[in-house]
file start.txt (compact mmCIF, C-alpha atoms)
# COMPACT_ATOMS: atom_id res chain seq x y z
CA MET A 1 0.00 0.00 0.00
CA GLN A 2 1.38 3.38 -0.99
CA HIS A 3 1.20 6.20 1.52
CA VAL A 4 0.18 9.57 0.07
CA GLY A 5 0.76 12.75 2.06
CA VAL A 6 -1.28 15.84 1.14
CA LEU A 7 0.08 19.21 2.29
CA ALA A 8 -2.70 21.68 3.08
CA LEU A 9 -1.43 25.26 3.03
CA ASP A 10 -3.33 28.30 4.27
CA GLY A 11 -5.78 29.40 1.58
CA VAL A 12 -6.09 25.86 0.23
CA LEU A 13 -8.86 25.20 -2.29
CA PRO A 14 -11.09 22.54 -0.69
CA PHE A 15 -12.14 20.87 -3.95
CA GLU A 16 -8.59 20.19 -5.09
CA LEU A 17 -7.55 19.24 -1.54
CA SER A 18 -10.15 16.48 -1.58
CA ILE A 19 -9.14 14.98 -4.94
CA PRO A 20 -6.27 12.71 -3.75
CA ALA A 21 -8.33 11.17 -0.93
CA ARG A 22 -11.32 10.63 -3.21
CA ILE A 23 -9.44 9.16 -6.19
CA PHE A 24 -6.72 7.20 -4.41
CA GLY A 25 -9.17 6.18 -1.70
CA ALA A 26 -11.38 4.50 -4.31
CA ALA A 27 -8.52 2.35 -5.68
CA ARG A 28 -8.90 -1.26 -4.52
CA ASP A 29 -7.16 -4.53 -5.21
CA GLY A 30 -8.87 -7.73 -6.35
CA ALA A 31 -9.85 -8.61 -2.79
CA GLY A 32 -11.29 -5.16 -2.12
CA GLY A 33 -8.35 -3.95 -0.07
CA PRO A 34 -7.11 -0.35 -0.35
CA LEU A 35 -4.13 0.32 -2.59
CA TYR A 36 -3.31 3.73 -1.12
CA ARG A 37 -3.44 5.40 2.28
CA VAL A 38 -3.98 9.16 2.15
CA THR A 39 -3.02 11.41 5.06
CA THR A 40 -3.38 15.19 5.21
CA CYS A 41 -1.04 17.53 7.07
CA SER A 42 -0.39 21.23 7.54
CA LEU A 43 2.98 22.87 8.07
CA ASP A 44 2.63 22.98 11.85
CA GLY A 45 -0.20 20.54 12.51
CA ARG A 46 -2.60 23.37 13.29
CA PRO A 47 -5.89 24.06 11.46
CA VAL A 48 -5.61 25.84 8.13
CA ARG A 49 -7.97 28.39 6.62
CA THR A 50 -9.40 27.54 3.23
CA GLU A 51 -10.47 29.58 0.25
CA GLY A 52 -14.02 29.15 1.56
CA ASP A 53 -15.58 30.48 4.74
CA TYR A 54 -14.34 27.65 6.94
CA GLY A 55 -11.13 26.13 8.23
CA LEU A 56 -9.84 22.57 8.33
CA THR A 57 -8.40 20.61 11.22
CA VAL A 58 -5.62 18.14 10.43
CA ALA A 59 -3.94 15.52 12.60
CA HIS A 60 -0.36 15.84 11.34
CA ASP A 61 2.38 18.38 10.76
CA ALA A 62 4.84 18.50 7.87
CA SER A 63 7.12 15.89 9.43
CA LEU A 64 4.68 13.47 7.75
CA LEU A 65 6.29 14.32 4.39
CA ALA A 66 9.49 12.52 5.37
CA THR A 67 7.62 9.23 5.71
CA VAL A 68 5.29 9.02 2.68
CA ASP A 69 5.72 7.57 -0.80
CA MET A 70 4.02 10.46 -2.58
CA VAL A 71 3.60 14.13 -1.66
CA VAL A 72 0.70 16.11 -3.14
CA VAL A 73 0.57 19.92 -2.97
CA PRO A 74 -2.92 21.25 -3.80
CA PRO A 75 -3.42 24.88 -4.88
CA SER A 76 -3.78 27.79 -2.50
CA THR A 77 -4.90 31.40 -2.82
CA ALA A 78 -2.25 32.53 -0.31
CA LEU A 79 0.96 32.06 -2.26
CA GLY A 80 1.97 35.72 -2.06
CA PRO A 81 5.78 35.52 -1.62
CA ILE A 82 5.97 32.73 -4.19
CA ARG A 83 3.89 34.42 -6.88
CA GLU A 84 5.34 37.89 -6.28
CA GLU A 85 9.00 37.08 -5.60
CA GLY A 86 9.47 33.41 -6.51
CA ARG A 87 10.49 32.79 -2.90
CA LEU A 88 9.39 30.03 -0.54
CA PRO A 89 8.56 30.95 3.06
CA GLU A 90 11.13 29.35 5.35
CA ALA A 91 8.70 26.93 7.03
CA LEU A 92 7.52 25.65 3.66
CA ARG A 93 11.09 25.35 2.34
CA GLU A 94 12.06 23.32 5.41
CA ALA A 95 9.01 21.07 5.03
CA LEU A 96 9.74 20.29 1.38
CA SER A 97 13.41 19.67 2.06
CA GLY A 98 12.36 16.87 4.37
CA ILE A 99 10.71 14.82 1.61
CA ARG A 100 12.51 11.52 1.46
CA PRO A 101 14.54 10.62 -1.64
CA GLY A 102 12.55 8.57 -4.13
CA ALA A 103 9.16 9.95 -3.16
CA ARG A 104 6.97 11.21 -5.99
CA ILE A 105 5.99 14.86 -5.79
CA VAL A 106 2.74 16.14 -7.31
CA GLY A 107 1.62 19.75 -7.77
CA LEU A 108 -2.06 20.25 -8.49
CA CYS A 109 -3.00 23.46 -10.34
CA THR A 110 -1.09 26.36 -8.71
CA GLY A 111 0.61 23.86 -6.46
CA ALA A 112 3.11 23.90 -9.34
CA TRP A 113 4.24 27.33 -8.09
CA VAL A 114 5.36 25.74 -4.83
CA LEU A 115 7.33 23.07 -6.67
CA ALA A 116 8.88 25.66 -8.98
CA ALA A 117 9.95 27.91 -6.11
CA ALA A 118 11.52 24.89 -4.42
CA GLY A 119 13.62 24.26 -7.55
CA LEU A 120 11.89 20.94 -8.22
CA LEU A 121 10.83 21.98 -11.73
CA ASP A 122 14.13 23.45 -12.93
CA HIS A 123 14.74 22.42 -16.56
CA ARG A 124 11.72 20.11 -16.42
CA PRO A 125 8.35 20.15 -18.20
CA ALA A 126 5.36 21.22 -16.13
CA THR A 127 1.90 22.71 -16.36
CA THR A 128 -0.56 24.66 -14.24
CA HIS A 129 -3.92 26.37 -14.72
CA TRP A 130 -3.92 28.02 -18.15
CA ALA A 131 -4.61 31.44 -16.62
CA GLU A 132 -1.42 31.14 -14.54
CA ALA A 133 0.86 29.50 -17.09
CA GLY A 134 2.29 32.67 -18.60
CA ARG A 135 3.10 34.19 -15.23
CA LEU A 136 4.66 30.95 -14.00
CA GLN A 137 6.91 30.86 -17.07
CA ARG A 138 7.98 34.47 -16.59
CA MET A 139 8.75 33.98 -12.91
CA PHE A 140 10.61 30.68 -13.32
CA THR A 141 12.33 30.89 -16.68
CA THR A 142 14.05 27.48 -16.49
CA VAL A 143 10.74 25.62 -16.18
CA ARG A 144 9.36 24.32 -19.48
CA VAL A 145 5.72 25.31 -18.98
CA ASP A 146 3.15 23.70 -21.28
CA PRO A 147 -0.15 25.61 -20.95
CA ASP A 148 -2.12 23.29 -23.25
CA VAL A 149 -2.07 19.92 -21.46
CA LEU A 150 -4.14 18.53 -18.60
CA PHE A 151 -1.11 17.16 -16.77
CA VAL A 152 2.60 16.47 -17.13
CA ASP A 153 4.23 13.25 -15.93
CA ASP A 154 7.98 13.72 -15.65
CA GLY A 155 8.63 10.57 -13.68
CA ASP A 156 9.06 11.51 -10.03
CA VAL A 157 7.59 15.01 -10.40
CA LEU A 158 4.11 15.54 -11.83
CA THR A 159 1.94 18.62 -12.29
CA SER A 160 -1.65 19.19 -13.36
CA ALA A 161 -3.68 21.98 -14.91
CA GLY A 162 -6.49 23.63 -12.98
CA VAL A 163 -9.31 22.26 -10.86
CA ALA A 164 -10.71 19.02 -12.38
CA ALA A 165 -7.40 18.30 -14.13
CA GLY A 166 -6.23 17.12 -10.72
CA ILE A 167 -8.66 14.23 -11.14
CA ASP A 168 -7.10 13.40 -14.51
CA LEU A 169 -3.63 13.34 -12.99
CA CYS A 170 -4.59 11.20 -10.00
CA LEU A 171 -6.38 8.73 -12.29
CA HIS A 172 -3.25 8.66 -14.44
CA LEU A 173 -1.19 7.76 -11.37
CA VAL A 174 -3.56 4.92 -10.49
CA ARG A 175 -3.36 3.72 -14.10
CA ARG A 176 0.43 3.95 -14.04
CA ASP A 177 0.68 2.09 -10.73
CA HIS A 178 -2.02 -0.55 -11.12
CA GLY A 179 -3.21 -0.61 -14.73
CA SER A 180 -6.18 0.60 -16.74
CA GLU A 181 -8.68 -1.83 -15.23
CA THR A 182 -8.14 -0.45 -11.74
CA ALA A 183 -8.15 3.17 -12.95
CA ASN A 184 -11.36 2.58 -14.90
CA ALA A 185 -13.00 1.09 -11.80
CA VAL A 186 -12.01 4.18 -9.80
CA ALA A 187 -13.43 6.44 -12.53
CA ARG A 188 -16.73 4.56 -12.48
CA ALA A 189 -16.93 4.77 -8.69
CA CYS A 190 -16.29 8.52 -8.82
CA VAL A 191 -18.60 9.05 -11.83
CA VAL A 192 -15.90 10.74 -13.92
CA PRO A 193 -14.43 9.89 -17.34
CA PRO A 194 -11.35 7.63 -17.07
CA TRP A 195 -9.65 9.70 -19.77
CA ARG A 196 -10.43 13.05 -21.40
CA ASP A 197 -9.54 13.74 -25.01
CA GLY A 198 -7.35 16.73 -25.72
CA GLY A 199 -5.80 19.03 -23.16
CA GLN A 200 -6.71 22.23 -21.38
CA ALA A 201 -6.16 24.16 -24.63
CA GLN A 202 -9.84 23.57 -25.41
CA TYR A 203 -10.80 25.45 -22.21
CA ILE A 204 -8.60 28.50 -22.72
CA GLU A 205 -10.38 31.76 -23.43
CA ARG A 206 -8.56 33.72 -26.11
CA PRO A 207 -10.25 37.12 -26.39
CA VAL A 208 -9.11 39.48 -29.13
CA PRO A 209 -6.44 41.71 -27.54
CA ALA A 210 -7.35 45.32 -26.95
CA SER A 211 -5.82 47.41 -29.69
CA SER A 212 -5.29 51.03 -30.60
CA ALA A 213 -6.17 52.80 -33.82
CA THR A 214 -2.55 52.75 -34.98
CA GLY A 215 -0.20 50.10 -36.31
CA THR A 216 -1.81 46.89 -37.51
CA ALA A 217 -4.84 47.09 -35.19
CA PRO A 218 -7.26 48.43 -37.84
CA THR A 219 -6.26 45.61 -40.17
CA GLN A 220 -6.83 43.09 -37.39
CA ARG A 221 -10.37 44.40 -36.94
CA TRP A 222 -10.91 44.41 -40.70
CA ALA A 223 -9.72 40.79 -40.97
CA LEU A 224 -11.93 39.66 -38.08
CA GLU A 225 -14.97 40.84 -40.03
CA ARG A 226 -13.88 38.77 -43.05
CA LEU A 227 -12.70 35.47 -41.60
CA ALA A 228 -14.89 33.50 -44.03
CA GLU A 229 -13.08 35.05 -46.97
CA PRO A 230 -9.78 33.77 -48.42
CA LEU A 231 -7.57 36.43 -46.85
CA GLY A 232 -3.88 36.40 -47.67
CA LEU A 233 -0.84 38.21 -46.34
CA ALA A 234 -0.74 40.51 -49.39
CA GLU A 235 -4.37 41.59 -48.86
CA MET A 236 -3.76 42.32 -45.17
CA ALA A 237 -0.58 44.28 -45.91
CA ALA A 238 -2.37 46.28 -48.64
CA HIS A 239 -5.17 47.17 -46.21
CA ALA A 240 -2.58 48.40 -43.72
CA GLY A 241 -0.86 50.43 -46.44
CA MET A 242 2.46 48.66 -45.88
CA SER A 243 4.76 46.37 -47.77
CA VAL A 244 4.41 42.69 -46.92
CA ARG A 245 7.79 42.73 -45.20
CA THR A 246 7.02 45.81 -43.09
CA PHE A 247 3.53 44.57 -42.22
CA THR A 248 4.84 41.17 -41.14
CA ARG A 249 7.50 42.76 -38.93
CA ARG A 250 5.10 45.28 -37.37
CA PHE A 251 2.43 42.64 -36.83
CA ARG A 252 4.83 40.30 -35.04
CA GLU A 253 6.11 43.16 -32.85
CA GLU A 254 2.56 44.11 -31.83
CA VAL A 255 0.87 40.71 -31.56
CA GLY A 256 3.75 38.32 -30.87
CA THR A 257 2.98 35.99 -33.75
CA SER A 258 2.89 36.02 -37.55
CA PRO A 259 -0.20 37.27 -39.44
CA GLY A 260 -0.87 33.76 -40.78
CA GLN A 261 -0.68 32.15 -37.34
CA TRP A 262 -2.90 34.86 -35.86
CA LEU A 263 -5.46 34.45 -38.64
CA THR A 264 -5.61 30.68 -38.13
CA ARG A 265 -6.09 31.15 -34.38
CA GLN A 266 -8.94 33.61 -34.91
CA ARG A 267 -10.63 31.17 -37.31
CA VAL A 268 -10.25 28.35 -34.78
CA ASP A 269 -11.79 30.57 -32.09
CA LEU A 270 -14.70 31.46 -34.39
CA ALA A 271 -15.22 27.77 -35.23
CA ARG A 272 -15.27 26.95 -31.51
CA HIS A 273 -17.92 29.62 -30.93
CA LEU A 274 -20.05 28.32 -33.81
CA LEU A 275 -19.74 24.72 -32.62
CA GLU A 276 -20.92 25.81 -29.18
CA SER A 277 -23.71 28.13 -30.26
CA THR A 278 -25.21 26.78 -33.50
CA PRO A 279 -26.60 23.48 -34.79
CA TRP A 280 -24.81 23.93 -38.11
CA PRO A 281 -23.11 20.89 -39.66
CA VAL A 282 -19.33 20.79 -39.40
CA ASP A 283 -18.93 21.65 -43.09
CA THR A 284 -21.02 24.80 -42.63
CA VAL A 285 -19.05 25.81 -39.55
CA ALA A 286 -15.84 25.25 -41.52
CA ASP A 287 -17.08 27.47 -44.35
CA ARG A 288 -18.24 30.29 -42.04
CA ALA A 289 -14.94 30.20 -40.14
CA GLY A 290 -12.85 30.37 -43.30
CA PHE A 291 -11.50 26.83 -43.34
CA GLY A 292 -13.43 25.87 -46.47
CA THR A 293 -13.99 22.19 -45.72
CA GLY A 294 -14.76 20.06 -42.71
CA VAL A 295 -11.52 18.16 -43.30
CA SER A 296 -9.51 21.38 -43.00
CA LEU A 297 -11.41 22.41 -39.85
CA ARG A 298 -10.81 19.00 -38.24
CA ARG A 299 -7.10 19.23 -38.95
CA HIS A 300 -6.71 22.77 -37.61
CA LEU A 301 -8.94 22.24 -34.56
CA HIS A 302 -7.12 19.05 -33.59
CA ALA A 303 -3.76 20.77 -34.02
CA ALA A 304 -4.90 23.69 -31.84
CA ILE A 305 -6.76 21.99 -28.99
CA GLY A 306 -6.36 18.26 -29.51
CA VAL A 307 -9.98 17.29 -30.22
CA THR A 308 -12.29 16.86 -33.21
CA PRO A 309 -15.21 19.21 -33.95
CA HIS A 310 -17.75 16.57 -32.89
CA SER A 311 -15.93 15.90 -29.63
CA TYR A 312 -15.66 19.62 -28.89
CA ARG A 313 -19.36 20.16 -29.62
CA ARG A 314 -20.39 17.27 -27.36
CA THR A 315 -18.38 18.80 -24.53
CA PHE A 316 -19.34 22.44 -24.82
CA ARG A 317 -22.59 22.95 -26.69
CA THR A 318 -25.54 23.87 -24.48
CA ALA A 319 -28.38 21.39 -24.97
CA GLY A 320 -31.19 22.76 -27.10
CA THR A 321 -33.90 21.19 -24.97
CA PRO A 322 -33.58 21.18 -21.16
CA GLY A 323 -33.04 17.68 -19.83
CA ARG A 324 -32.35 16.20 -23.28
CA PRO A 325 -28.93 15.77 -24.88
CA ASP A 326 -28.19 17.19 -28.29
CA ARG A 327 -28.04 14.56 -31.02
CA LEU A 328 -25.99 16.55 -33.47
CA ARG A 329 -23.81 14.65 -35.90
call {"tool": "encode", "arguments": {"input": "start.txt", "output": "structure tokens"}}
result
Amino acid sequence: MQHVGVLALDGVLPFELSIPARIFGAARDGAGGPLYRVTTCSLDGRPVRTEGDYGLTVAHDASLLATVDMVVVPPSTALGPIREEGRLPEALREALSGIRPGARIVGLCTGAWVLAAAGLLDHRPATTHWAEAGRLQRMFTTVRVDPDVLFVDDGDVLTSAGVAAGIDLCLHLVRRDHGSETANAVARACVVPPWRDGGQAQYIERPVPASSATGTAPTQRWALERLAEPLGLAEMAAHAGMSVRTFTRRFREEVGTSPGQWLTRQRVDLARHLLESTPWPVDTVADRAGFGTGVSLRRHLHAAIGVTPHSYRRTFRTAGTPGRPDRLR
């Protein structure tokens, strides 16, 4: 039986805190015996305040971390020194330094910030909630942050994206330790999918950046009104009154990507909106978003967010009739 220690920090998010106990606690062997033991601790053994309007009492202090096989750090809303300065408070640094060699270390959501500040993610791949990924990368430049995936397994150190992605990671650990049959049984017991297609890229909101009336911004607005048309770099540069070379340089300076990449992203975002909000067939959505054919839309959508149009629509489209699922094909 593996012993899992969960470190509850002040400001802990109760939902994510509960994930290890719920997922690992549901993992059983063939005789019905538990495969994991989950124990929760705080830094000093005292109660911790949560993100909600209540506190939690725990039975252990951080000395527990020196005895367990796996350490899980759930997210917290009170990571001030870490998020602002990249610095661990001394008590937390001391607690993490006591983790025994060979133990697996897991950061759920913004728990990745704790691992990064401790140096555990240096030169390693990791992820966190998509809304925090950019800031994490800027603060800890040696970490290879992937904002598009649900979790990253780098052997002895693992990180997950936000909120429910912690479930995906814990199920992955059960699958890795005990096989798909056991992980699937846990998923059924917890009434969650054993595996989700794609990554968190499909959940990222990508609003059009605020822009001024100068530079390439007017051309961006002009192009957004014509996404269904076959726009090319020459047409966009001509609208901006610049040479192709100058327009491409200015556009990259202002937006951070090439005009072609930006245009594809805007078309993907429009297709996502149409898949969510209309009953149109995939070919119609593809045409209205400027991809021309359903085949082209499938290829670009899968490249961008890792799922097919039908899978995306099943996940995100609001049902047309309350209480009845959509039966769109």
call {"tool": "residues_around", "arguments": {"input": "start.txt", "residues": "A:Asp29", "least_positions_apart": "6", "cutoff": "12 Å", "atoms": "only C-alpha atoms", "output": "ChimeraX atom specification"}}
result
/A:1,35-36,174,177-179,181-183,185-186
call {"tool": "atom_distance", "arguments": {"input": "start.txt", "atom1": "atom CA of A:His310", "atom2": "atom CA of A:Gly162"}}
result
23.9 Å
call {"tool": "closest_residue", "arguments": {"input": "start.txt", "among": "A:Val152, A:Ala289, A:Leu96, A:Ala131", "to": "A:Glu225", "atoms": "all atoms listed in the file"}}
result
A:Ala289
call {"tool": "residues_around", "arguments": {"input": "start.txt", "residues": "A:Ala201", "least_positions_apart": "4", "cutoff": "10 Å", "atoms": "only C-alpha atoms", "output": "list in words"}}
result
Trp130, Asp146, Pro147, Asp148, Val149, Leu150, Glu205, Arg206, Ala304, Ile305, Gly306 and Val307 of chain A
call {"tool": "residues_near_point", "arguments": {"input": "start.txt", "point": "(-5.7, 25.4, -5.6)", "cutoff": "8 Å", "atoms": "only C-alpha atoms", "output": "ChimeraX atom specification"}}
result
/A:12-14,16-17,74-77,108-111,162-163
call {"tool": "atom_distance", "arguments": {"input": "start.txt", "atom1": "atom CA of A:His300", "atom2": "atom CA of A:Arg288"}}
result
14.5 Å
call {"tool": "closest_residue", "arguments": {"input": "start.txt", "among": "A:Val143, A:Ile167, A:Ala217, A:Val48", "to": "A:Trp195", "atoms": "only C-alpha atoms"}}
result
A:Ile167
call {"tool": "closest_residue", "arguments": {"input": "start.txt", "among": "A:Leu56, A:Phe316, A:Leu171, A:Thr257", "to": "A:Ser277", "atoms": "all atoms listed in the file"}}
result
A:Phe316
call {"tool": "residues_around", "arguments": {"input": "start.txt", "residues": "A:Ala303", "least_positions_apart": "6", "cutoff": "12 Å", "atoms": "only C-alpha atoms", "output": "PyMOL selection string"}}
result
chain A and resi 148+198-199+201-202+264-265+268+296-297+309
call {"tool": "closest_residue", "arguments": {"input": "start.txt", "among": "A:Val4, A:Leu263, A:Ala62, A:Leu275", "to": "A:Ile23", "atoms": "all atoms listed in the file"}}
result
A:Val4
call {"tool": "atom_distance", "arguments": {"input": "start.txt", "atom1": "atom CA of A:Arg46", "atom2": "atom CA of A:Ala66"}}
result
18.1 Å
call {"tool": "decode", "arguments": {"input": "start.txt", "residues": "stretch 208-242 of chain A", "atoms": "C-alpha atoms", "output": "JSON list (two decimals), in the first residue's frame"}}
result
[["chain", "number", "residue", "atom", "x", "y", "z"],
["A", 208, "VAL", "CA", -9.11, 39.48, -29.13],
["A", 209, "PRO", "CA", -6.44, 41.71, -27.54],
["A", 210, "ALA", "CA", -7.35, 45.32, -26.95],
["A", 211, "SER", "CA", -5.82, 47.41, -29.69],
["A", 212, "SER", "CA", -5.29, 51.03, -30.60],
["A", 213, "ALA", "CA", -6.17, 52.80, -33.82],
["A", 214, "THR", "CA", -2.55, 52.75, -34.98],
["A", 215, "GLY", "CA", -0.20, 50.10, -36.31],
["A", 216, "THR", "CA", -1.81, 46.89, -37.51],
["A", 217, "ALA", "CA", -4.84, 47.09, -35.19],
["A", 218, "PRO", "CA", -7.26, 48.43, -37.84],
["A", 219, "THR", "CA", -6.26, 45.61, -40.17],
["A", 220, "GLN", "CA", -6.83, 43.09, -37.39],
["A", 221, "ARG", "CA", -10.37, 44.40, -36.94],
["A", 222, "TRP", "CA", -10.91, 44.41, -40.70],
["A", 223, "ALA", "CA", -9.72, 40.79, -40.97],
["A", 224, "LEU", "CA", -11.93, 39.66, -38.08],
["A", 225, "GLU", "CA", -14.97, 40.84, -40.03],
["A", 226, "ARG", "CA", -13.88, 38.77, -43.05],
["A", 227, "LEU", "CA", -12.70, 35.47, -41.60],
["A", 228, "ALA", "CA", -14.89, 33.50, -44.03],
["A", 229, "GLU", "CA", -13.08, 35.05, -46.97],
["A", 230, "PRO", "CA", -9.78, 33.77, -48.42],
["A", 231, "LEU", "CA", -7.57, 36.43, -46.85],
["A", 232, "GLY", "CA", -3.88, 36.40, -47.67],
["A", 233, "LEU", "CA", -0.84, 38.21, -46.34],
["A", 234, "ALA", "CA", -0.74, 40.51, -49.39],
["A", 235, "GLU", "CA", -4.37, 41.59, -48.86],
["A", 236, "MET", "CA", -3.76, 42.32, -45.17],
["A", 237, "ALA", "CA", -0.58, 44.28, -45.91],
["A", 238, "ALA", "CA", -2.37, 46.28, -48.64],
["A", 239, "HIS", "CA", -5.17, 47.17, -46.21],
["A", 240, "ALA", "CA", -2.58, 48.40, -43.72],
["A", 241, "GLY", "CA", -0.86, 50.43, -46.44],
["A", 242, "MET", "CA", 2.46, 48.66, -45.88]]
